[in-house]
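J.: Below is one structure. I have some questions about it.
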Amino acid sequence: MTMVIPFISLYIDSMGNYSDAYVQTWSGLTFGVTFVTAFIFSPIWGRIGDKYGRRYILIISAVGVGLSVFLMGFATTVWQLFLLRLFMGVVTGFIPMSQAFISTQTPKETAGKVLGTLQTGNITGSLMGPMLGGVLADTFGYSSTFKWISLTIFISALLVMLGIKEVKVKLSDDAKDYQSYSSKEVIIHILRSPILLVVLLLSTLVQVAHFSIQPILSLFVEEIHGPVNIAFFAGLAFSAAGLGNLLMSRSWGKLGDQFGHIKILIILLFVAGIVYLPGVFVTNIWQLVILRFLLGVSIGGIIPVRMAYIRTAAPLSMQGEVIGYNTSLRFLGNVIGPALGGLLAALFGFSTVFFVTSLLLIISGFLMLVTWYKFEYAPQHKHGKSISTRSTHSH
């Protein structure tokens, strides 16, 4: 999926004699429209998956995405590419659906570790994708590359079809886990669980923070390093975060299983916020690479820990829909983040983006901390005290 990211703008440029402004505008629109339709359709697919089984949705999603990418290889106008990316957003649900699928086949106690492993696979793909895509595009041309990429997506549909059985696992004795819920009941459940609600809202804030720097990172690299081998060094800065992510995802998930997912989430939000701040003072490429690596280490745990918490906070039979809302809110962040980063950089310079992003993550940490203290920590301790006073009186 990420193989096409490096050359979408170049592909649009090759379709006609367009001005730079036209290419940049349409690259942004073509790239972003997928997230807009995915934002609308994620909860719908989640709900269908809860009702009829997630394996079928994984197959539909892979075939749909494969088909749209294959047809992109034949696009001759910007409009055709735009409409295909729009359709792709409708069926883009493979990753969140696989999270829901794995989550419902995993006991609560190990959910963090297992979802951390899934996140490792996800990150490995997004690290290798842009590099492979760039090499293929240089070797075979843009349109052939789309066709090669679609082949790999069709293979994943085949792997799900032949290699996966959806087992009705008895993971709990709680009747709530197996009754069916209407969309209204799912939303009421989320609104009545303040911690779950904040965890979902953080999906948007974390994505805004993570994506605010994405569109301007290569320009920032050029500013601090100069134009020599710009693509390589920008790639290095991108990949450093992915590498940190890759090394720590599973471990953070495991720690969440051990000490409580929300506690680890609060720590990670504060650490990510603190790591982002020195970006304001970066003067050379290696400082940036080290900071991006540390950012990857801290942000790497946020997704699996959040997903594992959803696994414990929502009944099994509504997991898909709740994860669908989580995905929608993430996609919303994917749309807002780059726009905000670009705007801040244009108005106030690159260092502002680091400062605002850092602030956003620290505010998220405080929001999570206050919610957790008020709705989980304080009631438990109050309850614990009342039990101990009762037992003292009885003696």
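Residues are named by chain letter and number: chains run A, B, ... in the order of the structure tokens, numbers start at 1 in each chain, and ligands are numbered from 1 in the order shown.
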Env of range 54-56 of chain A: 9 Å cut, atoms = only C-alpha atoms, seq-sep filter 6 positions within chain, self excluded. Answer as number ranges by chain.

T.: A: 46, 48, 97-98, 100-101, 160-161, 164-166, 320

J.: Excluding same-chain residues fewer than 4 positions from Leu277 in chain A, what lies within 9 Å of it counting only C-alpha atoms, as a short mmCIF file (atom, residue, chain, number, x, y, z; two decimals) with N, CA and C atoms, in the first residue's frame?

T.:
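Saved file around-v5.cif follows:
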```cif
data_model
loop_
_atom_site.label_atom_id
_atom_site.label_comp_id
_atom_site.auth_asym_id
_atom_site.auth_seq_id
_atom_site.Cartn_x
_atom_site.Cartn_y
_atom_site.Cartn_z
N ALA A 272 6.86 10.87 24.09
CA ALA A 272 6.82 11.31 22.69
C ALA A 272 6.82 12.84 22.61
N GLY A 273 6.04 13.48 23.50
CA GLY A 273 5.98 14.95 23.53
C GLY A 273 7.32 15.57 23.85
N PHE A 281 15.42 22.79 17.84
CA PHE A 281 16.81 23.27 17.87
C PHE A 281 17.75 22.48 16.94
N PHE A 354 7.46 21.51 15.13
CA PHE A 354 7.96 20.65 16.21
C PHE A 354 7.38 21.09 17.56
N PHE A 355 7.36 22.40 17.77
CA PHE A 355 6.88 22.93 19.04
C PHE A 355 5.41 22.59 19.27
N VAL A 356 4.57 22.86 18.24
CA VAL A 356 3.12 22.62 18.35
C VAL A 356 2.84 21.12 18.52
N THR A 357 3.56 20.29 17.77
CA THR A 357 3.38 18.84 17.85
C THR A 357 3.71 18.33 19.25
N SER A 358 4.83 18.83 19.79
CA SER A 358 5.26 18.45 21.13
C SER A 358 4.18 18.82 22.15
N LEU A 359 3.65 20.03 22.02
CA LEU A 359 2.61 20.53 22.92
C LEU A 359 1.35 19.66 22.84
#
```

J.: With distances taken over only C-alpha atoms, which of A:Val206, A:Ser150, A:Met72, A:Val4 is nearest to Ile363 in chain A?

T.: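 Ranked by minimum distance to Ile363 in chain A, first place goes to A:Val206.
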
J.: Range 214-293 of chain A: which residues are alpha helix (DSSP H) by DSSP, as a ChimeraX atom specification?

T.: /A:217-225,230-259,261-276,285-293

J.: Kindly indicate which residue among A:Leu340, A:Ile44, A:Ile362, A:Val114 lies nearest to Gly256 in chain A, using only C-alpha atoms for the distances.

T.: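 Under the stated criterion, the closest residue is A:Val114.
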
J.: Kindly indicate which residue among A:Val23, A:Ile12, A:Ile323, A:Leu236 lies nearest to Ile290 in chain A, using only C-alpha atoms for the distances.

T.: A:Leu236

J.: Which residues come within 12 Å of Gln287 in chain A, counting only C-alpha atoms, excluding same-chain residues fewer than 2 positions away, as a list in words?

T.: Val221, Ile224, His225, Ala237, Ala240, Val275, Tyr276, Pro278, Gly279, Val280, Phe281, Val282, Thr283, Asn284, Ile285, Val289, Ile290, Leu291, Arg292, Phe293 and Leu294 of chain A

J.: If we count only C-alpha atoms, what is near range 138-142 of chain A at a cut-off of 10 Å, once residues fewer than 5 positions away on the same chain are taken out, given as a PyMOL selection string?

T.: chain A and resi 4+7-8+10-11+14+72-73+132-133+147-148

J.: When you look at range 179-182 of chain A with a cut-off of 10 Å (counting only C-alpha atoms), what residues show up, excluding the ones that are within fewer than 3 positions of it in the same chain? I need them as a PyMOL selection string.

T.: chain A and resi 47+50-51+174-176+185-189+315-318+321

J.: So that I have them on file, write out the residues from the current selection with N, CA, C and O atoms, as a PDB file, in the first residue's frame.

T.:
```
ATOM      1  N   ARG A  47     -18.874  -2.941  11.517  1.00  0.00           N
ATOM      2  CA  ARG A  47     -20.186  -3.473  11.935  1.00  0.00           C
ATOM      3  C   ARG A  47     -20.528  -4.743  11.149  1.00  0.00           C
ATOM      4  O   ARG A  47     -21.001  -5.731  11.705  1.00  0.00           O
ATOM      5  N   ASP A  50     -18.464  -7.595  12.459  1.00  0.00           N
ATOM      6  CA  ASP A  50     -18.975  -8.127  13.731  1.00  0.00           C
ATOM      7  C   ASP A  50     -20.133  -9.094  13.490  1.00  0.00           C
ATOM      8  O   ASP A  50     -20.290 -10.080  14.193  1.00  0.00           O
ATOM      9  N   LYS A  51     -20.930  -8.761  12.457  1.00  0.00           N
ATOM     10  CA  LYS A  51     -22.161  -9.528  12.233  1.00  0.00           C
ATOM     11  C   LYS A  51     -21.923 -10.797  11.415  1.00  0.00           C
ATOM     12  O   LYS A  51     -22.413 -11.874  11.754  1.00  0.00           O
ATOM     13  N   ASP A 174     -18.554 -14.101  29.854  1.00  0.00           N
ATOM     14  CA  ASP A 174     -19.450 -12.959  30.005  1.00  0.00           C
ATOM     15  C   ASP A 174     -20.455 -12.929  28.856  1.00  0.00           C
ATOM     16  O   ASP A 174     -20.067 -12.858  27.680  1.00  0.00           O
ATOM     17  N   ALA A 175     -21.734 -12.992  29.199  1.00  0.00           N
ATOM     18  CA  ALA A 175     -22.787 -13.005  28.164  1.00  0.00           C
ATOM     19  C   ALA A 175     -22.728 -11.760  27.281  1.00  0.00           C
ATOM     20  O   ALA A 175     -23.048 -11.804  26.085  1.00  0.00           O
ATOM     21  N   LYS A 176     -22.272 -10.610  27.855  1.00  0.00           N
ATOM     22  CA  LYS A 176     -22.194  -9.353  27.101  1.00  0.00           C
ATOM     23  C   LYS A 176     -21.296  -9.478  25.873  1.00  0.00           C
ATOM     24  O   LYS A 176     -21.472  -8.779  24.886  1.00  0.00           O
ATOM     25  N   GLU A 185     -26.429   1.399  20.514  1.00  0.00           N
ATOM     26  CA  GLU A 185     -25.914   0.816  21.768  1.00  0.00           C
ATOM     27  C   GLU A 185     -24.388   0.889  21.837  1.00  0.00           C
ATOM     28  O   GLU A 185     -23.814   1.111  22.898  1.00  0.00           O
ATOM     29  N   VAL A 186     -23.742   0.706  20.665  1.00  0.00           N
ATOM     30  CA  VAL A 186     -22.272   0.782  20.618  1.00  0.00           C
ATOM     31  C   VAL A 186     -21.828   2.206  20.995  1.00  0.00           C
ATOM     32  O   VAL A 186     -20.923   2.392  21.814  1.00  0.00           O
ATOM     33  N   ILE A 187     -22.489   3.213  20.400  1.00  0.00           N
ATOM     34  CA  ILE A 187     -22.124   4.609  20.676  1.00  0.00           C
ATOM     35  C   ILE A 187     -22.391   4.944  22.146  1.00  0.00           C
ATOM     36  O   ILE A 187     -21.572   5.584  22.806  1.00  0.00           O
ATOM     37  N   ILE A 188     -23.525   4.465  22.705  1.00  0.00           N
ATOM     38  CA  ILE A 188     -23.833   4.704  24.120  1.00  0.00           C
ATOM     39  C   ILE A 188     -22.764   4.057  25.004  1.00  0.00           C
ATOM     40  O   ILE A 188     -22.294   4.657  25.976  1.00  0.00           O
ATOM     41  N   HIS A 189     -22.335   2.844  24.639  1.00  0.00           N
ATOM     42  CA  HIS A 189     -21.283   2.154  25.416  1.00  0.00           C
ATOM     43  C   HIS A 189     -19.991   2.999  25.443  1.00  0.00           C
ATOM     44  O   HIS A 189     -19.361   3.149  26.484  1.00  0.00           O
ATOM     45  N   PRO A 315     -17.107  -5.116  24.673  1.00  0.00           N
ATOM     46  CA  PRO A 315     -17.478  -6.528  24.491  1.00  0.00           C
ATOM     47  C   PRO A 315     -17.038  -7.049  23.117  1.00  0.00           C
ATOM     48  O   PRO A 315     -17.000  -6.277  22.146  1.00  0.00           O
ATOM     49  N   LEU A 316     -16.731  -8.332  23.054  1.00  0.00           N
ATOM     50  CA  LEU A 316     -16.178  -8.916  21.821  1.00  0.00           C
ATOM     51  C   LEU A 316     -17.063  -8.684  20.601  1.00  0.00           C
ATOM     52  O   LEU A 316     -16.556  -8.417  19.514  1.00  0.00           O
ATOM     53  N   SER A 317     -18.386  -8.777  20.785  1.00  0.00           N
ATOM     54  CA  SER A 317     -19.251  -8.715  19.602  1.00  0.00           C
ATOM     55  C   SER A 317     -19.420  -7.301  19.048  1.00  0.00           C
ATOM     56  O   SER A 317     -20.085  -7.110  18.040  1.00  0.00           O
ATOM     57  N   MET A 318     -18.807  -6.279  19.716  1.00  0.00           N
ATOM     58  CA  MET A 318     -18.832  -4.937  19.108  1.00  0.00           C
ATOM     59  C   MET A 318     -17.419  -4.439  18.805  1.00  0.00           C
ATOM     60  O   MET A 318     -17.229  -3.298  18.423  1.00  0.00           O
ATOM     61  N   GLU A 321     -16.815  -2.772  15.300  1.00  0.00           N
ATOM     62  CA  GLU A 321     -17.386  -1.432  15.119  1.00  0.00           C
ATOM     63  C   GLU A 321     -16.608  -0.389  15.917  1.00  0.00           C
ATOM     64  O   GLU A 321     -16.338   0.710  15.434  1.00  0.00           O
TER      65      GLU A 321
END
```

J.: Ranking A:Leu71, A:Leu247, A:Ile123, A:Leu58 by minimum distance to Thr92 in chain A and counting only C-alpha atoms, which one comes first?

T.: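 Among A:Leu71, A:Leu247, A:Ile123, A:Leu58, it is A:Leu58 that comes nearest to Thr92 in chain A.
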
J.: Using only C-alpha atoms, find the one residue out of A:Pro96, A:Gly16, A:Pro227, A:Gly112 that sits nearest to Trp45 in chain A.

T.: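 The shortest atom-to-atom distance to Trp45 in chain A comes from A:Pro96.
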
J.: I'd like the contact shell of Ile153 in chain A - 8 Å cut-off, only C-alpha atoms, skipping same-chain residues fewer than 4 positions apart - returned as an mmCIF file with all heavy atoms, in the first residue's frame.

T.:
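See result.cif below for the written result:
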```
data_model
loop_
_atom_site.group_PDB
_atom_site.id
_atom_site.type_symbol
_atom_site.label_atom_id
_atom_site.label_comp_id
_atom_site.auth_asym_id
_atom_site.auth_seq_id
_atom_site.Cartn_x
_atom_site.Cartn_y
_atom_site.Cartn_z
ATOM 1 N N ALA A 62 -9.065 -6.715 0.375
ATOM 2 C CA ALA A 62 -7.845 -6.944 -0.414
ATOM 3 C C ALA A 62 -8.144 -6.966 -1.919
ATOM 4 O O ALA A 62 -7.405 -6.385 -2.715
ATOM 5 C CB ALA A 62 -7.172 -8.247 0.026
ATOM 6 N N VAL A 63 -9.252 -7.615 -2.300
ATOM 7 C CA VAL A 63 -9.606 -7.672 -3.730
ATOM 8 C C VAL A 63 -9.952 -6.258 -4.239
ATOM 9 O O VAL A 63 -9.503 -5.845 -5.314
ATOM 10 C CB VAL A 63 -10.779 -8.659 -3.976
ATOM 11 C CG1 VAL A 63 -11.310 -8.539 -5.397
ATOM 12 C CG2 VAL A 63 -10.330 -10.093 -3.709
ATOM 13 N N VAL A 65 -9.012 -3.262 -3.015
ATOM 14 C CA VAL A 65 -7.809 -2.409 -3.086
ATOM 15 C C VAL A 65 -6.930 -2.854 -4.255
ATOM 16 O O VAL A 65 -6.426 -2.022 -5.022
ATOM 17 C CB VAL A 65 -7.014 -2.460 -1.749
ATOM 18 C CG1 VAL A 65 -5.669 -1.766 -1.895
ATOM 19 C CG2 VAL A 65 -7.815 -1.796 -0.637
ATOM 20 N N GLY A 66 -6.759 -4.168 -4.402
ATOM 21 C CA GLY A 66 -5.944 -4.700 -5.508
ATOM 22 C C GLY A 66 -6.469 -4.239 -6.864
ATOM 23 O O GLY A 66 -5.705 -3.798 -7.732
ATOM 24 N N ILE A 149 2.264 -3.915 -7.943
ATOM 25 C CA ILE A 149 1.786 -3.750 -6.561
ATOM 26 C C ILE A 149 0.437 -4.442 -6.377
ATOM 27 O O ILE A 149 0.205 -5.117 -5.370
ATOM 28 C CB ILE A 149 1.677 -2.246 -6.206
ATOM 29 C CG1 ILE A 149 3.072 -1.609 -6.172
ATOM 30 C CG2 ILE A 149 0.995 -2.042 -4.840
ATOM 31 C CD1 ILE A 149 3.078 -0.094 -6.098
ATOM 32 N N ALA A 157 -5.020 -11.454 -0.532
ATOM 33 C CA ALA A 157 -6.416 -11.921 -0.507
ATOM 34 C C ALA A 157 -6.447 -13.448 -0.561
ATOM 35 O O ALA A 157 -7.213 -14.109 0.150
ATOM 36 C CB ALA A 157 -7.184 -11.334 -1.690
#
```

J.: Record the distance separating CA of Val36 in chain A and CA of Ser203 in chain A, expressed in Å with one decimal.

T.: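 Result for CA of Val36 in chain A versus CA of Ser203 in chain A: 15.5 Å, one decimal.
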
J.: Tell me, in Å to one decimal, how far CA of Val199 in chain A is from CA of Ile336 in chain A.

T.: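 Computing the Euclidean distance for CA of Val199 in chain A and CA of Ile336 in chain A yields 18.2 Å.
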
J.: Here is a test: counting only C-alpha atoms, which residue of A:Ile310, A:Val322, A:Met368, A:Val69 is nearest to Thr145 in chain A?

T.: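 Answer, going by the shortest atom-to-atom distance: A:Val69.
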